[in-house]
Amino acid sequence: MAKITNKSWLTFEGGRQNEPCLWKMATRFPGVTFDIRQASVQKDIGIMAVLFEGEEDEVKAAHEFLKEQGVRVDPVEGGSNVAG
Amino acid sequence: MSYVKSLQCKECQSEYELKPLTVCDNDFGPLEVAYDYEAMKGKVTRESIEAGPRSLWRYKDLLPIEGEPKAGLNSGFTPFIKADRLAAELGVKELYIKDDSANYPSYSYKDRVVAVALTKAIEFDFDTVGCASTGNLAHSVAAHAAAAGLRACVMIPHDLEEGKIVATLSFGPRMFKIKGNYDDVNRLCSQIADKYNWAIVNVNLRPYYTEGAKTHGFEIAEQMGWRLPKHTVSPVAGGTILPKIWKAYQEFITLGIVEDNKPKIYGAQADGCNPVVTALREDQELFHPQKPNTIAKSIAIGNPADGYYVIKVIKESGGFGESASDQEILDAVKLLGRTQGIFTEPAGGTTLACAIKLIQSGRIPRDESICVCITGNGLKTVEVMQGQFAANPTINAKMSEFDELVKQMEETHPSQSPATTA
């Protein structure tokens with residue numbers, strides 16, 4: 001399985017913005033690195049631009065884990081046009 | 001001569017070459033076309049624009065193309081109507097309709113963005129173009145691609161209005177109907193753009209595509225006699241047109257082409273899909289994505305790509321947002337038809353319904369100039385109007401039956417009955 005990079009928007013709503021969802025993901029999937037490139041948090045919503053890197057199946061599983069935690073995961077449009 | 005400088009990140013201002021790029025490497029912020037306004041001064045003028053063709057390409061100097069336009073040569077320069085009968089009905093002094101329901105070739109504002117995007121697609125040597133669409137964009141991409149000799153692959157939600165599907169298929173594209181709503185289609189298109197070497201106009205050509213929407217704003221200013229309306233009401237779907245109307249106004253002000261009258265801009269959405277309006281009402285900068293449920297399908301985008309910038313621009317201008325129920329939308333469609341002879345789709349009804357609510361609430365003063373942006377044509381969505389009009393009885397070809405109907409009409413609609421004597 002090849003290593004990939006993935007650029008995603010994460011949206012935290014319904015109280016998820018107050019939970020350490022990314023920390024939980026990191027402890028569950030230590031082979032997946034993440035780099036927060038941009039973030040904005042308000043009272044009841046938070047949005048993050050995150051670069052993920054790791055084995056393709058692990059990155060996919062990490063995304064599924066985040067979704068199970070109630071985090072919305074959207075691909076960055078045209079994400080492959082940039083380096084990485 | 002092109003005045004385009006580079007692509008620039010809207011967040012961190014990092015600059016990029018003019019390629020099919022969409023997002024910034026650093027923060028994934030959207031890229032936008034940057035121009036050399038200093039070089040334009042004294043060269044891009046009212047006179048230079050008026051000397052151009054009667055199409056959106058008269059604003060070529062303010063669009064991101066390198067050579068001559070290669071698509072949409074007859075798009076744009078749509079009617080701008082002083083809507084006195086509608087103004088009288090609403091009790092306002094100066095009301096205008098910018099009518100892109102008459103745009104060429106596909107009867108919506110999308111012909112503007114597609115004209116620019118397909119010109120860029122040809123400049124970048126793509127042979128296949130596509131889009132994620134709520135209907136109007138697919139229609140426009142298919143039409144322009146047919147005329148330009150490009151292959152078109154359009155992706156739409158499976159439950160679109162039949163009129164839009166048939167009209168689009170008539171141009172011979174490959175159509176992919178996707179189970180789900182627009183946001184699901186758009187998500188898939190992001191992945192398609194990553195995998196296939198296609199020009200997905202609203203994904204990997206987005207920085208260029210969106211610039212075409214400025215021409216709606218340029219035309220408003222020019223057709224109003226080189227001045228800006230004090231209040232502009234625009235629909236909000238993916239969030240392309242509203243910030244670009246604003247950019248158009250600001251570019252004309254920067255170049256000294258119009259006076260800065262401190263214009264305000266307002267966003268219109270349907271109650272069944274109003275993430276941006278909700279954020280404005282709650283004085284938030286971020287919006288919560290929604291699952292759309294409205295008859296205004298062409299603006300049913302629950303997670304608008306540029307929603308954040310719509311909120312930013314509206315707040316910067318001092319405008320606001322409003323949303324309308326499905327029945328208010330249908331009533332506004334009928335009102336526009338009855339007073340001005342313009343048949344718009346529910347998106348246009350939404351914009352007018354919201355303008356009315358903004359006027360009634362006092363957000364828009366009745367004695368200042370107002371422009372309502374109508375972006376699509378009702379002929380493509382006739383099914384939503386079913387049952388909205390009184391039944392018209394069928395009669396035999398006999399004068400007595402006709403006389404009886406005229407008599408009934410005089411009783412129920414006296415102002416609309418024709419003279420009964422020769």
# chains A, B, ... in the order shown; residues from 1 in each chain; ligands from 1

$ residues_around --residues "Val372 in chain B" --least-positions-apart "3" --cutoff "7 Å" --atoms "only C-alpha atoms" --output "PDB file with C-alpha atoms, in the first residue's frame"
ATOM      1  CA  TYR B  96     -33.893  47.544 -11.317  1.00  0.00           C
ATOM      2  CA  ILE B  97     -33.838  43.951 -12.499  1.00  0.00           C
ATOM      3  CA  LYS B  98     -30.597  42.549 -13.910  1.00  0.00           C
ATOM      4  CA  THR B 232     -27.898  44.899  -4.614  1.00  0.00           C
ATOM      5  CA  VAL B 233     -29.722  41.672  -3.762  1.00  0.00           C
ATOM      6  CA  SER B 234     -28.065  38.498  -5.051  1.00  0.00           C
ATOM      7  CA  THR B 351     -34.019  36.720  -4.668  1.00  0.00           C
ATOM      8  CA  LEU B 352     -37.091  38.853  -5.244  1.00  0.00           C
TER       9      LEU B 352
END

$ select_by_dssp --residues "range 2-83 of chain A" --states "strand (DSSP E or B)" --output "count of residues only"
36

$ interface_residues --of "chain B" --to "chain A" --cutoff "8 Å" --atoms "only C-alpha atoms" --output "ChimeraX atom specification"
/B:20-28,187,190-191,193-194,203-204,284,286-288

$ atom_distance --atom1 "CA of Thr412 in chain B" --atom2 "CA of Val333 in chain B"
22.1 Å

$ atom_distance --atom1 "CA of Ile192 in chain B" --atom2 "CA of Phe171 in chain B"
22.0 Å

$ select_by_dssp --residues "range 141-271 of chain B" --states "alpha helix (DSSP H)" --output "ChimeraX atom specification"
/B:141-148,162-169,182-195,206-211,214-223,241-254

$ write_last_selection --atoms "C-alpha atoms" --output "compact mmCIF listing (two decimals), in the first residue's frame"
# COMPACT_ATOMS: atom_id res chain seq x y z
CA VAL B 141 -21.15 23.75 -19.90
CA ALA B 142 -22.81 21.37 -22.35
CA ALA B 143 -23.87 24.22 -24.65
CA HIS B 144 -20.54 26.03 -24.68
CA ALA B 145 -18.61 22.76 -25.03
CA ALA B 146 -20.70 21.75 -28.04
CA ALA B 147 -20.02 25.09 -29.70
CA ALA B 148 -16.30 24.92 -28.90
CA GLU B 162 -36.69 17.36 -16.14
CA GLY B 163 -36.51 20.56 -18.19
CA LYS B 164 -32.89 21.13 -17.25
CA ILE B 165 -31.95 17.52 -17.98
CA VAL B 166 -33.57 17.43 -21.42
CA ALA B 167 -32.22 20.85 -22.37
CA THR B 168 -28.72 19.78 -21.33
CA LEU B 169 -28.84 16.42 -23.12
CA TYR B 182 -25.40 18.77 -4.86
CA ASP B 183 -22.94 18.59 -1.99
CA ASP B 184 -22.52 14.85 -2.60
CA VAL B 185 -21.99 15.54 -6.32
CA ASN B 186 -19.47 18.26 -5.58
CA ARG B 187 -17.54 15.99 -3.24
CA LEU B 188 -17.33 13.35 -5.96
CA CYS B 189 -16.21 15.95 -8.49
CA SER B 190 -13.31 16.94 -6.26
CA GLN B 191 -12.13 13.35 -6.47
CA ILE B 192 -12.79 13.18 -10.22
CA ALA B 193 -10.70 16.30 -10.75
CA ASP B 194 -7.91 14.67 -8.76
CA LYS B 195 -7.99 11.47 -10.83
CA ARG B 206 -12.55 27.61 -10.16
CA PRO B 207 -10.31 30.71 -9.81
CA TYR B 208 -10.88 31.56 -13.49
CA TYR B 209 -14.49 30.39 -13.64
CA THR B 210 -15.55 32.62 -10.75
CA GLU B 211 -14.05 35.70 -12.40
CA LYS B 214 -17.85 39.75 -12.19
CA THR B 215 -19.35 40.65 -15.54
CA HIS B 216 -22.83 40.55 -13.97
CA GLY B 217 -21.68 43.38 -11.69
CA PHE B 218 -19.83 45.27 -14.43
CA GLU B 219 -22.96 45.28 -16.56
CA ILE B 220 -25.14 46.52 -13.71
CA ALA B 221 -22.80 49.49 -13.28
CA GLU B 222 -22.50 50.27 -16.98
CA GLN B 223 -26.18 49.81 -17.80
CA ILE B 241 -21.72 35.41 -7.74
CA LEU B 242 -22.22 37.63 -4.71
CA PRO B 243 -18.54 38.18 -3.83
CA LYS B 244 -17.78 38.65 -7.53
CA ILE B 245 -20.45 41.31 -8.02
CA TRP B 246 -18.80 43.01 -5.08
CA LYS B 247 -15.33 42.57 -6.62
CA ALA B 248 -16.63 44.06 -9.87
CA TYR B 249 -17.97 47.12 -8.04
CA GLN B 250 -14.67 47.53 -6.18
CA GLU B 251 -12.60 47.18 -9.36
CA PHE B 252 -14.64 49.88 -11.12
CA ILE B 253 -14.23 52.13 -8.06
CA THR B 254 -10.47 51.45 -7.95

$ atom_distance --atom1 "CA of Leu255 in chain B" --atom2 "CA of Ser48 in chain B"
12.5 Å

$ residues_around --residues "Ala62 in chain A" --least-positions-apart "4" --cutoff "10 Å" --atoms "only C-alpha atoms" --output "count of residues only"
17

$ residues_around --residues "Asp61 in chain B" --least-positions-apart "4" --cutoff "9 Å" --atoms "only C-alpha atoms" --output "ChimeraX atom specification"
/B:1-4,40,44,49,57,65

$ residues_around --residues "Gln69 in chain A" --least-positions-apart "5" --cutoff "9 Å" --atoms "only C-alpha atoms" --output "VMD selection string"
chain A and resid 16 21 64

$ residues_around --residues "range 387-397 of chain B" --least-positions-apart "6" --cutoff "9 Å" --atoms "only C-alpha atoms" --output "PyMOL selection string"
chain B and resi 330-331+334+405

$ write_last_selection --atoms "C-alpha atoms" --output "JSON list (two decimals), in the first residue's frame"
[["chain", "number", "residue", "atom", "x", "y", "z"],
["B", 330, "LEU", "CA", -43.54, 30.98, -5.88],
["B", 331, "ASP", "CA", -45.48, 34.16, -5.10],
["B", 334, "LYS", "CA", -45.68, 35.18, -10.14],
["B", 405, "LEU", "CA", -66.35, 33.54, -19.98]]

$ closest_residue --among "B:Arg227, B:Ser75, B:Leu86, B:Asn103" --to "Leu335 in chain B" --atoms "only C-alpha atoms"
B:Leu86

$ closest_residue --among "B:Val116, B:Ala296, B:Val406, B:Ile314" --to "Arg281 in chain B" --atoms "only C-alpha atoms"
B:Ile314

$ decode --residues "range 175-217 of chain B" --atoms "N, CA and C atoms" --output "PDB file, in the first residue's frame"
ATOM      1  N   MET B 175     -23.801  12.601 -19.431  1.00  0.00           N
ATOM      2  CA  MET B 175     -24.373  13.063 -18.162  1.00  0.00           C
ATOM      3  C   MET B 175     -24.288  11.952 -17.121  1.00  0.00           C
ATOM      4  N   PHE B 176     -23.786  12.298 -15.948  1.00  0.00           N
ATOM      5  CA  PHE B 176     -23.713  11.351 -14.836  1.00  0.00           C
ATOM      6  C   PHE B 176     -24.684  11.816 -13.762  1.00  0.00           C
ATOM      7  N   LYS B 177     -25.747  11.018 -13.534  1.00  0.00           N
ATOM      8  CA  LYS B 177     -26.709  11.342 -12.481  1.00  0.00           C
ATOM      9  C   LYS B 177     -26.242  10.659 -11.195  1.00  0.00           C
ATOM     10  N   ILE B 178     -26.048  11.449 -10.165  1.00  0.00           N
ATOM     11  CA  ILE B 178     -25.472  10.932  -8.927  1.00  0.00           C
ATOM     12  C   ILE B 178     -26.553  10.883  -7.843  1.00  0.00           C
ATOM     13  N   LYS B 179     -26.652   9.744  -7.161  1.00  0.00           N
ATOM     14  CA  LYS B 179     -27.589   9.668  -6.034  1.00  0.00           C
ATOM     15  C   LYS B 179     -27.083  10.581  -4.919  1.00  0.00           C
ATOM     16  N   GLY B 180     -27.954  11.463  -4.450  1.00  0.00           N
ATOM     17  CA  GLY B 180     -27.551  12.391  -3.396  1.00  0.00           C
ATOM     18  C   GLY B 180     -27.853  13.816  -3.797  1.00  0.00           C
ATOM     19  N   ASN B 181     -27.459  14.757  -2.947  1.00  0.00           N
ATOM     20  CA  ASN B 181     -27.692  16.170  -3.262  1.00  0.00           C
ATOM     21  C   ASN B 181     -26.457  16.790  -3.903  1.00  0.00           C
ATOM     22  N   TYR B 182     -26.522  18.103  -4.171  1.00  0.00           N
ATOM     23  CA  TYR B 182     -25.404  18.771  -4.857  1.00  0.00           C
ATOM     24  C   TYR B 182     -24.102  18.592  -4.096  1.00  0.00           C
ATOM     25  N   ASP B 183     -24.175  18.670  -2.769  1.00  0.00           N
ATOM     26  CA  ASP B 183     -22.938  18.587  -1.993  1.00  0.00           C
ATOM     27  C   ASP B 183     -22.269  17.227  -2.165  1.00  0.00           C
ATOM     28  N   ASP B 184     -23.076  16.183  -2.321  1.00  0.00           N
ATOM     29  CA  ASP B 184     -22.515  14.852  -2.596  1.00  0.00           C
ATOM     30  C   ASP B 184     -21.860  14.837  -3.984  1.00  0.00           C
ATOM     31  N   VAL B 185     -22.526  15.477  -4.952  1.00  0.00           N
ATOM     32  CA  VAL B 185     -21.988  15.536  -6.319  1.00  0.00           C
ATOM     33  C   VAL B 185     -20.669  16.307  -6.329  1.00  0.00           C
ATOM     34  N   ASN B 186     -20.658  17.416  -5.609  1.00  0.00           N
ATOM     35  CA  ASN B 186     -19.467  18.259  -5.582  1.00  0.00           C
ATOM     36  C   ASN B 186     -18.293  17.515  -4.945  1.00  0.00           C
ATOM     37  N   ARG B 187     -18.587  16.769  -3.903  1.00  0.00           N
ATOM     38  CA  ARG B 187     -17.539  15.993  -3.236  1.00  0.00           C
ATOM     39  C   ARG B 187     -16.936  14.976  -4.208  1.00  0.00           C
ATOM     40  N   LEU B 188     -17.807  14.311  -4.965  1.00  0.00           N
ATOM     41  CA  LEU B 188     -17.327  13.350  -5.957  1.00  0.00           C
ATOM     42  C   LEU B 188     -16.488  14.050  -7.019  1.00  0.00           C
ATOM     43  N   CYS B 189     -16.928  15.231  -7.433  1.00  0.00           N
ATOM     44  CA  CYS B 189     -16.212  15.953  -8.486  1.00  0.00           C
ATOM     45  C   CYS B 189     -14.807  16.364  -8.048  1.00  0.00           C
ATOM     46  N   SER B 190     -14.648  16.639  -6.769  1.00  0.00           N
ATOM     47  CA  SER B 190     -13.306  16.939  -6.263  1.00  0.00           C
ATOM     48  C   SER B 190     -12.390  15.742  -6.496  1.00  0.00           C
ATOM     49  N   GLN B 191     -12.935  14.557  -6.269  1.00  0.00           N
ATOM     50  CA  GLN B 191     -12.132  13.345  -6.466  1.00  0.00           C
ATOM     51  C   GLN B 191     -11.904  13.071  -7.947  1.00  0.00           C
ATOM     52  N   ILE B 192     -12.935  13.363  -8.772  1.00  0.00           N
ATOM     53  CA  ILE B 192     -12.788  13.177 -10.222  1.00  0.00           C
ATOM     54  C   ILE B 192     -11.692  14.090 -10.759  1.00  0.00           C
ATOM     55  N   ALA B 193     -11.713  15.339 -10.287  1.00  0.00           N
ATOM     56  CA  ALA B 193     -10.703  16.302 -10.750  1.00  0.00           C
ATOM     57  C   ALA B 193      -9.304  15.853 -10.351  1.00  0.00           C
ATOM     58  N   ASP B 194      -9.219  15.171  -9.200  1.00  0.00           N
ATOM     59  CA  ASP B 194      -7.914  14.666  -8.762  1.00  0.00           C
ATOM     60  C   ASP B 194      -7.430  13.520  -9.642  1.00  0.00           C
ATOM     61  N   LYS B 195      -8.367  12.708 -10.136  1.00  0.00           N
ATOM     62  CA  LYS B 195      -7.987  11.468 -10.830  1.00  0.00           C
ATOM     63  C   LYS B 195      -7.895  11.617 -12.342  1.00  0.00           C
ATOM     64  N   TYR B 196      -8.812  12.378 -12.929  1.00  0.00           N
ATOM     65  CA  TYR B 196      -8.861  12.489 -14.388  1.00  0.00           C
ATOM     66  C   TYR B 196      -8.335  13.853 -14.832  1.00  0.00           C
ATOM     67  N   ASN B 197      -7.764  13.873 -15.992  1.00  0.00           N
ATOM     68  CA  ASN B 197      -7.232  15.143 -16.504  1.00  0.00           C
ATOM     69  C   ASN B 197      -8.339  15.909 -17.233  1.00  0.00           C
ATOM     70  N   TRP B 198      -9.386  16.223 -16.501  1.00  0.00           N
ATOM     71  CA  TRP B 198     -10.518  16.959 -17.052  1.00  0.00           C
ATOM     72  C   TRP B 198     -10.559  18.358 -16.434  1.00  0.00           C
ATOM     73  N   ALA B 199     -11.075  19.278 -17.193  1.00  0.00           N
ATOM     74  CA  ALA B 199     -11.278  20.632 -16.651  1.00  0.00           C
ATOM     75  C   ALA B 199     -12.666  20.670 -16.014  1.00  0.00           C
ATOM     76  N   ILE B 200     -12.715  20.425 -14.723  1.00  0.00           N
ATOM     77  CA  ILE B 200     -13.989  20.537 -14.000  1.00  0.00           C
ATOM     78  C   ILE B 200     -14.111  22.029 -13.652  1.00  0.00           C
ATOM     79  N   VAL B 201     -14.984  22.710 -14.355  1.00  0.00           N
ATOM     80  CA  VAL B 201     -14.911  24.176 -14.346  1.00  0.00           C
ATOM     81  C   VAL B 201     -15.036  24.783 -12.953  1.00  0.00           C
ATOM     82  N   ASN B 202     -15.892  24.185 -12.109  1.00  0.00           N
ATOM     83  CA  ASN B 202     -16.058  24.770 -10.779  1.00  0.00           C
ATOM     84  C   ASN B 202     -15.218  24.068  -9.717  1.00  0.00           C
ATOM     85  N   VAL B 203     -14.250  23.274 -10.174  1.00  0.00           N
ATOM     86  CA  VAL B 203     -13.295  22.667  -9.227  1.00  0.00           C
ATOM     87  C   VAL B 203     -11.884  23.112  -9.601  1.00  0.00           C
ATOM     88  N   ASN B 204     -11.275  22.469 -10.604  1.00  0.00           N
ATOM     89  CA  ASN B 204      -9.878  22.825 -10.867  1.00  0.00           C
ATOM     90  C   ASN B 204      -9.687  24.063 -11.746  1.00  0.00           C
ATOM     91  N   LEU B 205     -10.767  24.607 -12.305  1.00  0.00           N
ATOM     92  CA  LEU B 205     -10.655  25.911 -12.984  1.00  0.00           C
ATOM     93  C   LEU B 205     -11.369  27.011 -12.192  1.00  0.00           C
ATOM     94  N   ARG B 206     -11.701  26.703 -10.941  1.00  0.00           N
ATOM     95  CA  ARG B 206     -12.548  27.612 -10.162  1.00  0.00           C
ATOM     96  C   ARG B 206     -12.042  29.060 -10.081  1.00  0.00           C
ATOM     97  N   PRO B 207     -10.735  29.304  -9.897  1.00  0.00           N
ATOM     98  CA  PRO B 207     -10.309  30.708  -9.806  1.00  0.00           C
ATOM     99  C   PRO B 207     -10.640  31.511 -11.070  1.00  0.00           C
ATOM    100  N   TYR B 208     -10.594  30.866 -12.224  1.00  0.00           N
ATOM    101  CA  TYR B 208     -10.880  31.555 -13.494  1.00  0.00           C
ATOM    102  C   TYR B 208     -12.392  31.641 -13.721  1.00  0.00           C
ATOM    103  N   TYR B 209     -13.032  30.500 -13.497  1.00  0.00           N
ATOM    104  CA  TYR B 209     -14.491  30.393 -13.636  1.00  0.00           C
ATOM    105  C   TYR B 209     -15.205  31.491 -12.856  1.00  0.00           C
ATOM    106  N   THR B 210     -14.829  31.652 -11.596  1.00  0.00           N
ATOM    107  CA  THR B 210     -15.552  32.617 -10.748  1.00  0.00           C
ATOM    108  C   THR B 210     -15.392  34.039 -11.253  1.00  0.00           C
ATOM    109  N   GLU B 211     -14.264  34.330 -11.900  1.00  0.00           N
ATOM    110  CA  GLU B 211     -14.046  35.697 -12.402  1.00  0.00           C
ATOM    111  C   GLU B 211     -15.109  36.097 -13.422  1.00  0.00           C
ATOM    112  N   GLY B 212     -15.638  35.123 -14.151  1.00  0.00           N
ATOM    113  CA  GLY B 212     -16.681  35.434 -15.131  1.00  0.00           C
ATOM    114  C   GLY B 212     -17.915  36.049 -14.490  1.00  0.00           C
ATOM    115  N   ALA B 213     -18.151  35.720 -13.223  1.00  0.00           N
ATOM    116  CA  ALA B 213     -19.336  36.250 -12.528  1.00  0.00           C
ATOM    117  C   ALA B 213     -19.234  37.759 -12.312  1.00  0.00           C
ATOM    118  N   LYS B 214     -18.010  38.286 -12.360  1.00  0.00           N
ATOM    119  CA  LYS B 214     -17.852  39.750 -12.189  1.00  0.00           C
ATOM    120  C   LYS B 214     -18.624  40.508 -13.259  1.00  0.00           C
ATOM    121  N   THR B 215     -18.745  39.892 -14.437  1.00  0.00           N
ATOM    122  CA  THR B 215     -19.352  40.645 -15.544  1.00  0.00           C
ATOM    123  C   THR B 215     -20.812  40.990 -15.251  1.00  0.00           C
ATOM    124  N   HIS B 216     -21.459  40.207 -14.392  1.00  0.00           N
ATOM    125  CA  HIS B 216     -22.832  40.546 -13.972  1.00  0.00           C
ATOM    126  C   HIS B 216     -22.798  41.917 -13.267  1.00  0.00           C
ATOM    127  N   GLY B 217     -21.818  42.111 -12.417  1.00  0.00           N
ATOM    128  CA  GLY B 217     -21.679  43.376 -11.690  1.00  0.00           C
ATOM    129  C   GLY B 217     -21.223  44.514 -12.588  1.00  0.00           C
TER     130      GLY B 217
END
